[in-house]
$ cat model_37.cif   # mmCIF, C-alpha atoms
data_structure
loop_
_atom_site.group_PDB
_atom_site.id
_atom_site.type_symbol
_atom_site.label_atom_id
_atom_site.label_comp_id
_atom_site.auth_asym_id
_atom_site.auth_seq_id
_atom_site.Cartn_x
_atom_site.Cartn_y
_atom_site.Cartn_z
ATOM 1 C CA MET A 1326 67.576 127.823 62.712
ATOM 2 C CA LEU A 1327 66.269 130.858 60.833
ATOM 3 C CA ASN A 1328 66.025 128.826 57.622
ATOM 4 C CA ARG A 1329 63.913 126.199 59.380
ATOM 5 C CA LEU A 1330 61.703 128.925 60.817
ATOM 6 C CA ASP A 1331 61.292 130.474 57.368
ATOM 7 C CA ALA A 1332 60.392 127.062 55.930
ATOM 8 C CA LEU A 1333 57.850 126.563 58.715
ATOM 9 C CA LEU A 1334 56.240 129.979 58.342
ATOM 10 C CA GLY A 1335 56.576 130.378 54.603
ATOM 11 C CA HIS A 1336 53.335 128.616 53.632
ATOM 12 C CA LEU A 1337 51.222 130.100 56.453
ATOM 13 C CA GLN A 1338 48.817 133.006 56.300
ATOM 14 C CA LEU A 1339 49.970 136.304 57.810
ATOM 15 C CA SER A 1340 47.730 135.944 60.872
ATOM 16 C CA SER A 1341 48.970 132.390 61.429
ATOM 17 C CA LYS A 1342 52.573 133.576 61.148
ATOM 18 C CA PHE A 1343 52.050 136.070 63.967
ATOM 19 C CA LYS A 1344 50.294 133.464 66.115
ATOM 20 C CA VAL A 1345 53.168 131.005 65.672
ATOM 21 C CA ILE A 1346 55.689 133.733 66.505
ATOM 22 C CA PHE A 1347 53.747 134.618 69.649
ATOM 23 C CA LEU A 1348 53.605 130.951 70.642
ATOM 24 C CA LEU A 1349 57.376 130.706 70.213
ATOM 25 C CA VAL A 1350 58.100 133.919 72.097
ATOM 26 C CA ILE A 1351 55.776 133.302 75.061
ATOM 27 C CA PRO A 1352 57.742 130.294 76.476
ATOM 28 C CA ILE A 1353 60.949 132.338 76.260
ATOM 29 C CA PHE A 1354 59.308 135.145 78.218
ATOM 30 C CA LEU A 1355 57.911 132.648 80.739
ATOM 31 C CA ILE A 1356 61.320 131.082 81.326
ATOM 32 C CA ALA A 1357 62.918 134.521 81.667
ATOM 33 C CA ILE A 1358 60.248 135.608 84.160
ATOM 34 C CA LEU A 1359 60.547 132.423 86.220
ATOM 35 C CA VAL A 1360 64.341 132.674 86.322
ATOM 36 C CA THR A 1361 64.053 136.323 87.322
ATOM 37 C CA GLY A 1362 61.523 135.358 89.992
ATOM 38 C CA VAL A 1363 63.845 132.708 91.428
ATOM 39 C CA PHE A 1364 66.746 135.153 91.583
ATOM 40 C CA LEU A 1365 64.517 137.857 93.067
ATOM 41 C CA ASN A 1366 63.221 135.440 95.680
ATOM 42 C CA GLY A 1367 66.780 134.515 96.638
ATOM 43 C CA ILE A 1368 67.797 138.154 96.839
ATOM 44 C CA LEU A 1369 64.810 139.033 99.031
ATOM 45 C CA ARG A 1370 65.413 136.094 101.360
ATOM 46 C CA SER A 1371 69.052 137.060 101.677
ATOM 47 C CA SER A 1372 68.022 140.654 102.273
ATOM 48 C CA TYR A 1373 65.578 139.708 105.027
ATOM 49 C CA LYS A 1374 68.159 137.429 106.658
ATOM 50 C CA SER A 1375 70.698 140.249 106.504
ATOM 51 C CA GLU A 1376 68.130 142.580 108.055
ATOM 52 C CA VAL A 1377 67.540 140.230 110.989
ATOM 53 C CA THR A 1378 71.283 139.624 111.330
ATOM 54 C CA GLY A 1379 71.909 143.355 111.306
ATOM 55 C CA LYS A 1380 69.382 143.909 114.084
ATOM 56 C CA ALA A 1381 70.943 141.130 116.134
ATOM 57 C CA LEU A 1382 74.453 142.496 115.672
ATOM 58 C CA LEU A 1383 73.306 146.002 116.581
ATOM 59 C CA ALA A 1384 71.678 144.639 119.732
ATOM 60 C CA MET A 1385 74.841 142.724 120.600
ATOM 61 C CA GLU A 1386 77.028 145.805 120.147
ATOM 62 C CA THR A 1387 74.605 147.706 122.357
ATOM 63 C CA MET A 1388 74.946 145.014 125.030
ATOM 64 C CA ASN A 1389 78.743 145.279 124.794
ATOM 65 C CA SER A 1390 78.435 149.013 125.397
ATOM 66 C CA VAL A 1391 76.260 148.309 128.431
ATOM 67 C CA ARG A 1392 78.860 145.837 129.695
ATOM 68 C CA ASP A 1393 81.659 148.374 129.280
ATOM 69 C CA TYR A 1394 79.636 151.108 130.959
ATOM 70 C CA THR A 1395 78.797 148.842 133.888
ATOM 71 C CA SER A 1396 82.396 147.739 134.286
ATOM 72 C CA GLU A 1397 84.001 151.158 133.887
ATOM 73 C CA GLN A 1398 81.393 153.541 135.293
ATOM 74 C CA VAL A 1399 78.949 151.753 137.593
ATOM 75 C CA ARG A 1400 81.078 149.189 139.436
ATOM 76 C CA PRO A 1401 83.868 151.597 140.546
ATOM 77 C CA GLN A 1402 81.248 153.803 142.212
ATOM 78 C CA LEU A 1403 79.847 150.926 144.269
ATOM 79 C CA VAL A 1404 82.947 148.882 144.997
ATOM 80 C CA ASP A 1405 82.873 149.747 148.722
ATOM 81 C CA ARG A 1406 79.283 148.570 149.112
ATOM 82 C CA LEU A 1407 80.143 145.258 147.460
ATOM 83 C CA LYS A 1408 82.159 144.277 150.499
ATOM 84 C CA SER A 1409 79.008 144.034 152.585
ATOM 85 C CA GLU A 1410 76.275 143.740 149.983
ATOM 86 C CA PHE A 1411 76.251 142.059 146.598
ATOM 87 C CA LEU A 1412 74.768 144.284 143.858
ATOM 88 C CA PRO A 1413 73.968 142.350 140.654
ATOM 89 C CA GLU A 1414 73.677 145.677 138.806
ATOM 90 C CA THR A 1415 77.479 145.968 139.011
ATOM 91 C CA VAL A 1416 77.914 142.744 137.001
ATOM 92 C CA PRO A 1417 78.245 143.447 133.240
ATOM 93 C CA ALA A 1418 76.460 140.242 132.231
ATOM 94 C CA TYR A 1419 73.518 141.013 134.533
ATOM 95 C CA SER A 1420 73.217 144.603 133.257
ATOM 96 C CA ALA A 1421 73.375 143.519 129.615
ATOM 97 C CA THR A 1422 70.740 140.827 130.126
ATOM 98 C CA GLU A 1423 68.366 143.179 131.940
ATOM 99 C CA VAL A 1424 68.808 145.956 129.358
ATOM 100 C CA PHE A 1425 68.078 143.478 126.578
ATOM 101 C CA LYS A 1426 64.844 142.498 128.348
ATOM 102 C CA ASN A 1427 63.791 146.146 128.136
ATOM 103 C CA LEU A 1428 64.834 146.224 124.479
ATOM 104 C CA THR A 1429 62.447 143.377 123.673
ATOM 105 C CA THR A 1430 59.518 145.652 124.536
ATOM 106 C CA HIS A 1431 60.222 147.377 121.220
ATOM 107 C CA PRO A 1432 58.252 145.779 118.335
ATOM 108 C CA ASP A 1433 61.416 145.286 116.251
ATOM 109 C CA TYR A 1434 62.992 143.150 118.983
ATOM 110 C CA GLU A 1435 60.022 141.555 120.734
ATOM 111 C CA ASN A 1436 60.904 138.084 119.399
ATOM 112 C CA PHE A 1437 64.640 138.356 120.120
ATOM 113 C CA ASN A 1438 66.398 136.764 123.070
ATOM 114 C CA TYR A 1439 69.871 137.375 124.537
ATOM 115 C CA LYS A 1440 72.035 135.061 126.594
ATOM 116 C CA GLU A 1441 75.605 135.113 127.813
ATOM 117 C CA ALA A 1442 76.022 131.357 127.747
ATOM 118 C CA THR A 1443 78.911 130.512 130.092
ATOM 119 C CA LEU A 1444 80.580 127.190 130.848
ATOM 120 C CA ASN A 1445 81.246 128.085 134.474
ATOM 121 C CA PRO A 1446 78.815 130.882 135.370
ATOM 122 C CA THR A 1447 78.191 132.648 138.627
ATOM 123 C CA ASN A 1448 74.467 132.979 137.939
ATOM 124 C CA PRO A 1449 72.863 129.603 137.059
ATOM 125 C CA ARG A 1450 70.641 131.276 134.428
ATOM 126 C CA ASP A 1451 73.775 131.833 132.325
ATOM 127 C CA GLN A 1452 74.711 128.150 132.254
ATOM 128 C CA ALA A 1453 75.415 127.032 128.680
ATOM 129 C CA ASP A 1454 73.350 124.120 127.442
ATOM 130 C CA GLU A 1455 74.828 121.305 125.357
ATOM 131 C CA PHE A 1456 74.522 123.165 122.052
ATOM 132 C CA GLU A 1457 75.898 126.408 123.474
ATOM 133 C CA THR A 1458 78.793 124.510 125.024
ATOM 134 C CA GLU A 1459 79.738 123.279 121.551
ATOM 135 C CA LEU A 1460 79.773 126.876 120.307
ATOM 136 C CA VAL A 1461 82.047 127.963 123.147
ATOM 137 C CA GLN A 1462 84.408 125.035 122.492
ATOM 138 C CA GLN A 1463 84.526 125.993 118.820
ATOM 139 C CA PHE A 1464 85.472 129.569 119.736
ATOM 140 C CA ARG A 1465 88.191 128.199 122.013
ATOM 141 C CA GLN A 1466 89.604 125.959 119.280
ATOM 142 C CA GLU A 1467 89.673 128.687 116.638
ATOM 143 C CA ASP A 1468 91.263 131.827 118.068
ATOM 144 C CA ASP A 1469 90.497 133.976 115.007
ATOM 145 C CA LEU A 1470 86.820 132.971 114.893
ATOM 146 C CA GLU A 1471 84.732 136.025 115.749
ATOM 147 C CA GLN A 1472 81.190 135.015 114.844
ATOM 148 C CA LEU A 1473 78.975 131.992 114.305
ATOM 149 C CA SER A 1474 75.449 132.093 112.923
ATOM 150 C CA ASP A 1475 72.997 129.448 111.789
ATOM 151 C CA PHE A 1476 69.890 127.602 112.943
ATOM 152 C CA ARG A 1477 70.008 125.455 116.044
ATOM 153 C CA PRO A 1478 69.800 121.706 115.279
ATOM 154 C CA SER A 1479 66.139 121.739 116.290
ATOM 155 C CA GLY A 1480 65.536 124.266 113.514
ATOM 156 C CA ASP A 1481 63.263 126.396 115.668
ATOM 157 C CA THR A 1482 65.765 129.199 116.361
ATOM 158 C CA PHE A 1483 68.281 131.250 114.417
ATOM 159 C CA TYR A 1484 71.310 132.411 116.372
ATOM 160 C CA ILE A 1485 74.287 134.752 116.133
ATOM 161 C CA ALA A 1486 77.124 134.132 118.591
ATOM 162 C CA HIS A 1487 80.303 136.007 119.545
ATOM 163 C CA PRO A 1488 83.027 134.723 121.883
ATOM 164 C CA LEU A 1489 82.888 135.996 125.458
ATOM 165 C CA LYS A 1490 86.457 136.592 126.627
ATOM 166 C CA VAL A 1491 87.857 137.733 129.972
ATOM 167 C CA SER A 1492 89.464 140.929 128.683
ATOM 168 C CA ARG A 1493 89.859 142.954 131.917
ATOM 169 C CA GLU A 1494 91.761 142.347 135.112
ATOM 170 C CA SER A 1495 88.793 143.740 137.000
ATOM 171 C CA CYS A 1496 86.733 140.702 135.956
ATOM 172 C CA LEU A 1497 89.030 138.489 138.039
ATOM 173 C CA GLU A 1498 88.122 140.377 141.207
ATOM 174 C CA CYS A 1499 84.928 138.347 141.255
ATOM 175 C CA HIS A 1500 85.830 135.447 138.955
ATOM 176 C CA GLY A 1501 89.433 134.687 139.895
ATOM 177 C CA ALA A 1502 90.323 132.717 142.998
ATOM 178 C CA VAL A 1503 87.464 132.050 145.411
ATOM 179 C CA SER A 1504 89.494 133.542 148.214
ATOM 180 C CA ASP A 1505 89.698 136.898 146.383
ATOM 181 C CA ALA A 1506 85.981 137.156 145.636
ATOM 182 C CA PRO A 1507 83.715 139.507 147.640
ATOM 183 C CA GLN A 1508 82.056 137.704 150.503
ATOM 184 C CA SER A 1509 78.691 139.159 149.474
ATOM 185 C CA LEU A 1510 79.029 137.386 146.106
ATOM 186 C CA ILE A 1511 79.876 134.084 147.789
ATOM 187 C CA ASP A 1512 76.961 134.483 150.190
ATOM 188 C CA LYS A 1513 74.522 134.933 147.273
ATOM 189 C CA TYR A 1514 75.803 132.382 144.748
ATOM 190 C CA GLY A 1515 78.101 130.077 146.727
ATOM 191 C CA ARG A 1516 81.592 128.848 145.930
ATOM 192 C CA ASP A 1517 80.817 126.391 143.120
ATOM 193 C CA GLY A 1518 80.417 128.531 139.997
ATOM 194 C CA GLY A 1519 82.050 131.478 138.310
ATOM 195 C CA PHE A 1520 85.573 131.180 139.741
ATOM 196 C CA ASN A 1521 89.078 130.384 138.546
ATOM 197 C CA TRP A 1522 88.704 132.250 135.297
ATOM 198 C CA GLU A 1523 91.873 133.423 133.583
ATOM 199 C CA LEU A 1524 92.701 136.605 131.691
ATOM 200 C CA ASN A 1525 91.986 136.324 127.922
ATOM 201 C CA GLU A 1526 90.192 133.018 128.458
ATOM 202 C CA ILE A 1527 87.033 132.417 126.435
ATOM 203 C CA VAL A 1528 84.539 131.466 129.113
ATOM 204 C CA GLY A 1529 81.324 131.652 127.112
ATOM 205 C CA ALA A 1530 79.501 133.107 124.160
ATOM 206 C CA GLN A 1531 77.243 136.096 123.657
ATOM 207 C CA ILE A 1532 74.255 134.770 121.761
ATOM 208 C CA VAL A 1533 71.266 136.537 120.241
ATOM 209 C CA TYR A 1534 68.410 134.184 119.375
ATOM 210 C CA VAL A 1535 65.667 134.853 116.842
ATOM 211 C CA PRO A 1536 62.723 132.423 116.535
ATOM 212 C CA ALA A 1537 62.601 130.576 113.240
ATOM 213 C CA THR A 1538 59.026 131.827 112.867
ATOM 214 C CA GLU A 1539 60.459 135.320 112.456
ATOM 215 C CA MET A 1540 62.687 134.116 109.628
ATOM 216 C CA GLU A 1541 59.780 132.136 108.141
ATOM 217 C CA GLN A 1542 57.626 135.260 108.145
ATOM 218 C CA GLN A 1543 60.360 137.124 106.325
ATOM 219 C CA THR A 1544 60.645 134.220 103.869
ATOM 220 C CA GLN A 1545 56.887 134.224 103.298
ATOM 221 C CA ARG A 1546 57.055 137.932 102.552
ATOM 222 C CA ALA A 1547 59.788 137.222 100.024
ATOM 223 C CA ILE A 1548 57.663 134.511 98.399
ATOM 224 C CA GLN A 1549 54.617 136.777 98.324
ATOM 225 C CA VAL A 1550 56.555 139.638 96.764
ATOM 226 C CA THR A 1551 58.113 137.300 94.189
ATOM 227 C CA SER A 1552 54.783 135.629 93.379
ATOM 228 C CA GLY A 1553 53.108 139.010 93.020
ATOM 229 C CA PHE A 1554 55.880 140.122 90.669
ATOM 230 C CA VAL A 1555 55.626 136.966 88.526
ATOM 231 C CA VAL A 1556 51.831 137.121 88.355
ATOM 232 C CA ALA A 1557 51.867 140.829 87.502
ATOM 233 C CA VAL A 1558 54.398 140.304 84.721
ATOM 234 C CA LEU A 1559 52.491 137.305 83.361
ATOM 235 C CA VAL A 1560 49.229 139.243 83.323
ATOM 236 C CA ALA A 1561 50.938 142.178 81.660
ATOM 237 C CA MET A 1562 52.575 139.894 79.100
ATOM 238 C CA VAL A 1563 49.386 137.996 78.251
ATOM 239 C CA THR A 1564 47.463 141.263 78.023
ATOM 240 C CA THR A 1565 50.131 142.696 75.749
ATOM 241 C CA VAL A 1566 50.067 139.632 73.500
ATOM 242 C CA ILE A 1567 46.278 139.795 73.237
ATOM 243 C CA LEU A 1568 46.297 143.524 72.505
ATOM 244 C CA VAL A 1569 49.070 143.173 69.920
ATOM 245 C CA ASN A 1570 47.240 140.288 68.255
ATOM 246 C CA LEU A 1571 43.949 142.216 68.158
ATOM 247 C CA SER A 1572 45.750 145.295 66.850
ATOM 248 C CA LEU A 1573 47.433 143.301 64.089
ATOM 249 C CA GLN A 1574 44.120 141.750 63.147
ATOM 250 C CA ARG A 1575 42.357 145.129 63.025
ATOM 251 C CA TYR A 1576 45.005 147.382 61.562
ATOM 252 C CA VAL A 1577 47.084 145.046 59.368
ATOM 253 C CA ILE A 1578 45.653 141.643 58.586
ATOM 254 C CA ARG A 1579 42.031 142.611 57.841
ATOM 255 C CA PRO A 1580 42.929 145.592 55.617
ATOM 256 C CA VAL A 1581 45.517 143.512 53.767
ATOM 257 C CA LYS A 1582 42.979 140.711 53.227
ATOM 258 C CA GLN A 1583 40.447 143.256 51.965
ATOM 259 C CA MET A 1584 42.999 144.675 49.530
ATOM 260 C CA ALA A 1585 43.886 141.169 48.369
ATOM 261 C CA ARG A 1586 40.205 140.415 47.647
ATOM 262 C CA SER A 1587 39.803 143.733 45.842
ATOM 263 C CA ALA A 1588 42.932 143.163 43.760
ATOM 264 C CA GLU A 1589 41.740 139.676 42.846
ATOM 265 C CA ALA A 1590 38.307 141.017 41.830
ATOM 266 C CA ILE A 1591 39.911 143.719 39.674
ATOM 267 C CA SER A 1592 42.139 141.126 38.039
ATOM 268 C CA MET A 1593 38.937 139.266 37.087
ATOM 269 C CA GLY A 1594 37.538 142.414 35.420
ATOM 270 C CA ASP A 1595 35.431 143.910 38.215
ATOM 271 C CA LEU A 1596 36.563 147.553 38.086
ATOM 272 C CA ASP A 1597 33.866 148.753 40.475
ATOM 273 C CA VAL A 1598 35.728 147.399 43.480
ATOM 274 C CA GLU A 1599 37.428 150.020 45.660
ATOM 275 C CA PHE A 1600 40.526 149.906 47.828
ATOM 276 C CA ARG A 1601 39.314 151.427 51.070
ATOM 277 C CA LYS A 1602 41.733 153.530 53.062
ATOM 278 C CA ARG A 1603 40.626 153.115 56.670
ATOM 279 C CA TYR A 1604 43.580 154.575 58.533
ATOM 280 C CA ASP A 1605 46.284 157.076 57.740
ATOM 281 C CA ASP A 1606 49.185 154.668 58.159
ATOM 282 C CA GLU A 1607 51.440 152.482 56.012
ATOM 283 C CA VAL A 1608 48.608 150.058 55.215
ATOM 284 C CA GLY A 1609 46.353 153.005 54.377
ATOM 285 C CA ASN A 1610 49.048 154.427 52.113
ATOM 286 C CA LEU A 1611 49.259 151.040 50.415
ATOM 287 C CA ALA A 1612 45.498 151.062 49.803
ATOM 288 C CA GLU A 1613 45.810 154.576 48.379
ATOM 289 C CA ALA A 1614 48.619 153.417 46.073
ATOM 290 C CA PHE A 1615 46.472 150.511 44.882
ATOM 291 C CA SER A 1616 43.625 152.951 44.210
ATOM 292 C CA ARG A 1617 45.898 155.095 42.049
ATOM 293 C CA MET A 1618 47.112 151.979 40.264
ATOM 294 C CA LYS A 1619 43.510 150.976 39.638
ATOM 295 C CA MET A 1620 42.723 154.445 38.219
ATOM 296 C CA SER A 1621 45.768 154.195 35.978
ATOM 297 C CA LEU A 1622 44.623 150.766 34.857
ATOM 298 C CA VAL A 1623 41.089 152.039 34.123
ATOM 299 C CA MET A 1624 42.453 155.003 32.172
ATOM 300 C CA ALA A 1625 44.791 152.732 30.209
ATOM 301 C CA MET A 1626 41.931 150.376 29.337
ATOM 302 C CA ARG A 1627 39.768 153.317 28.203
ATOM 303 C CA ARG A 1628 42.545 154.535 25.921
ATOM 304 C CA LEU A 1629 42.849 151.061 24.443
ATOM 305 C CA LYS A 1630 39.107 150.979 23.833
ATOM 306 C CA ASP A 1631 39.208 154.432 22.245
ATOM 307 C CA GLN A 1632 42.072 153.356 19.972
ATOM 308 C CA ASP A 1633 40.182 150.243 18.948
ATOM 309 C CA LYS A 1634 37.129 152.398 18.051
ATOM 310 C CA ASP A 1635 39.245 154.773 16.002
ATOM 311 C CA GLN A 1636 40.796 151.880 14.106
ATOM 312 C CA ASP A 1637 37.364 150.376 13.426
ATOM 313 C CA GLN A 1638 36.192 153.648 11.960
#
$ encode --input "model_37.cif" --output "structure tokens"
Amino acid sequence: MLNRLDALLGHLQLSSKFKVIFLLVIPIFLIAILVTGVFLNGILRSSYKSEVTGKALLAMETMNSVRDYTSEQVRPQLVDRLKSEFLPETVPAYSATEVFKNLTTHPDYENFNYKEATLNPTNPRDQADEFETELVQQFRQEDDLEQLSDFRPSGDTFYIAHPLKVSRESCLECHGAVSDAPQSLIDKYGRDGGFNWELNEIVGAQIVYVPATEMEQQTQRAIQVTSGFVVAVLVAMVTTVILVNLSLQRYVIRPVKQMARSAEAISMGDLDVEFRKRYDDEVGNLAEAFSRMKMSLVMAMRRLKDQDKDQDQ
């Protein structure tokens, strides 16, 4: 490869050699930048998705804390009133849903939505739709499955789902046999939904929804950042190539050409030509060395002339 490159560049002028080298190097840089941009874009997209997922998981853990607090702290204090009056605030699912509504007033969560999708709910608003029912069935079939996340088939919403399991005996006070349920609960919601649950049964799924537009916005930010990076690097690279080329022309190629012309003129007998030292660098030192060589040549020629005169006399 190097031999072919040498054969290609060997007959070219110095300036042409540098131009060819730049033309060979630029595509390599472009490919490297594009590959880096693709990887960076992927990393940013993954990072934004992880950020949204992290927010959703934090919100879900917060809702679980609300559920536990309602079940362990709020309900025991109001259990006597439940015999005559149904209080939805004592239901963990209700408390979690209402708290999440308040959470969505915060800018970071304004596009989020929370649902405890249940196959046999007490409150009709918690009824699982067809897609959510499939999630619940999947949790039931795979006991060790703790989380599902993806886009809904419609593609308009990203979701994160956890199984909703009957983990406390106290839950069966309202959701066990109809005959054991508080009359106030039956009076409000009837006898058709939310009963005959069993301990450790997966009855639904906790789901946090994020609109796809939110993910698209994050993706667009990733694309913008990546594009800005690629453009900035390209501009910097092109500018560098131009500056290097101009610098080579000014500080190397032109002085070398001038010295070549001067050397050729001296070889033809024109001893009045000078090697100009423009800059105090390696090329300037070379011009200075040529000047000393020229002086030595002039002195040698004068001695030869003087010897010829002496011999003639």
$ closest_residue --input "model_37.cif" --among "A:Tyr1394, A:Tyr1534, A:Gly1529, A:Glu1589" --to "A:Lys1380" --atoms "only C-alpha atoms"
A:Tyr1534
$ residues_near_point --input "model_37.cif" --point "(76.2, 131.3, 130.0)" --cutoff "10 Å" --atoms "all atoms listed in the file" --output "list in words"
Ala1418, Lys1440, Glu1441, Ala1442, Thr1443, Leu1444, Asn1445, Pro1446, Thr1447, Asn1448, Pro1449, Arg1450, Asp1451, Gln1452, Ala1453, Asp1454, Glu1457, Thr1458, Val1461, Leu1489, Val1528, Gly1529, Ala1530, Gln1531 and Ile1532 of chain A
$ atom_distance --input "model_37.cif" --atom1 "atom CA of A:Arg1477" --atom2 "atom CA of A:Ser1371"
18.5 Å
$ resolve_selection --input "model_37.cif" --expression "the PyMOL selection byres ((chain A and resi 1465) around 10)" --output "PyMOL selection string"
chain A and resi 1459-1464+1466-1470+1488+1490+1526-1529
$ axis_aligned_box --input "model_37.cif" --around "stretch 1353-1372 of chain A" --padding-each-side "6 Å" --output "AutoDock Vina command-line options"
--center_x 63.5 --center_y 135.9 --center_z 89.3 --size_x 23.1 --size_y 21.6 --size_z 38.0
$ atom_distance --input "model_37.cif" --atom1 "atom CA of A:Gln1398" --atom2 "atom CA of A:Val1416"
11.5 Å
$ resolve_selection --input "model_37.cif" --expression "the PyMOL selection byres ((chain A and resi 1588) around 12)" --output "PyMOL selection string"
chain A and resi 1581-1587+1589-1601+1612+1614-1616+1618-1619+1622
$ closest_residue --input "model_37.cif" --among "A:Ala1506, A:Ser1474, A:Gln1549, A:Gly1501" --to "A:Lys1374" --atoms "all atoms listed in the file"
A:Ser1474
$ atom_distance --input "model_37.cif" --atom1 "atom CA of A:Cys1496" --atom2 "atom CA of A:Asn1521"
10.9 Å
$ resolve_selection --input "model_37.cif" --expression "the PyMOL selection byres ((chain A and resi 1428) around 12)" --output "ChimeraX atom specification"
/A:1380-1381,1383-1385,1387-1388,1421-1427,1429-1439
$ closest_residue --input "model_37.cif" --among "A:Asn1389, A:Thr1482, A:Thr1395, A:Gln1545" --to "A:Leu1412" --atoms "only C-alpha atoms"
A:Thr1395
$ closest_residue --input "model_37.cif" --among "A:Ile1368, A:Arg1628, A:Asp1475, A:Leu1611" --to "A:Val1550" --atoms "all atoms listed in the file"
A:Ile1368
$ residues_around --input "model_37.cif" --residues "stretch 1508-1514 of chain A" --least-positions-apart "4" --cutoff "6 Å" --atoms "all atoms listed in the file" --output "NGL selection string"
:A and (1409-1411)
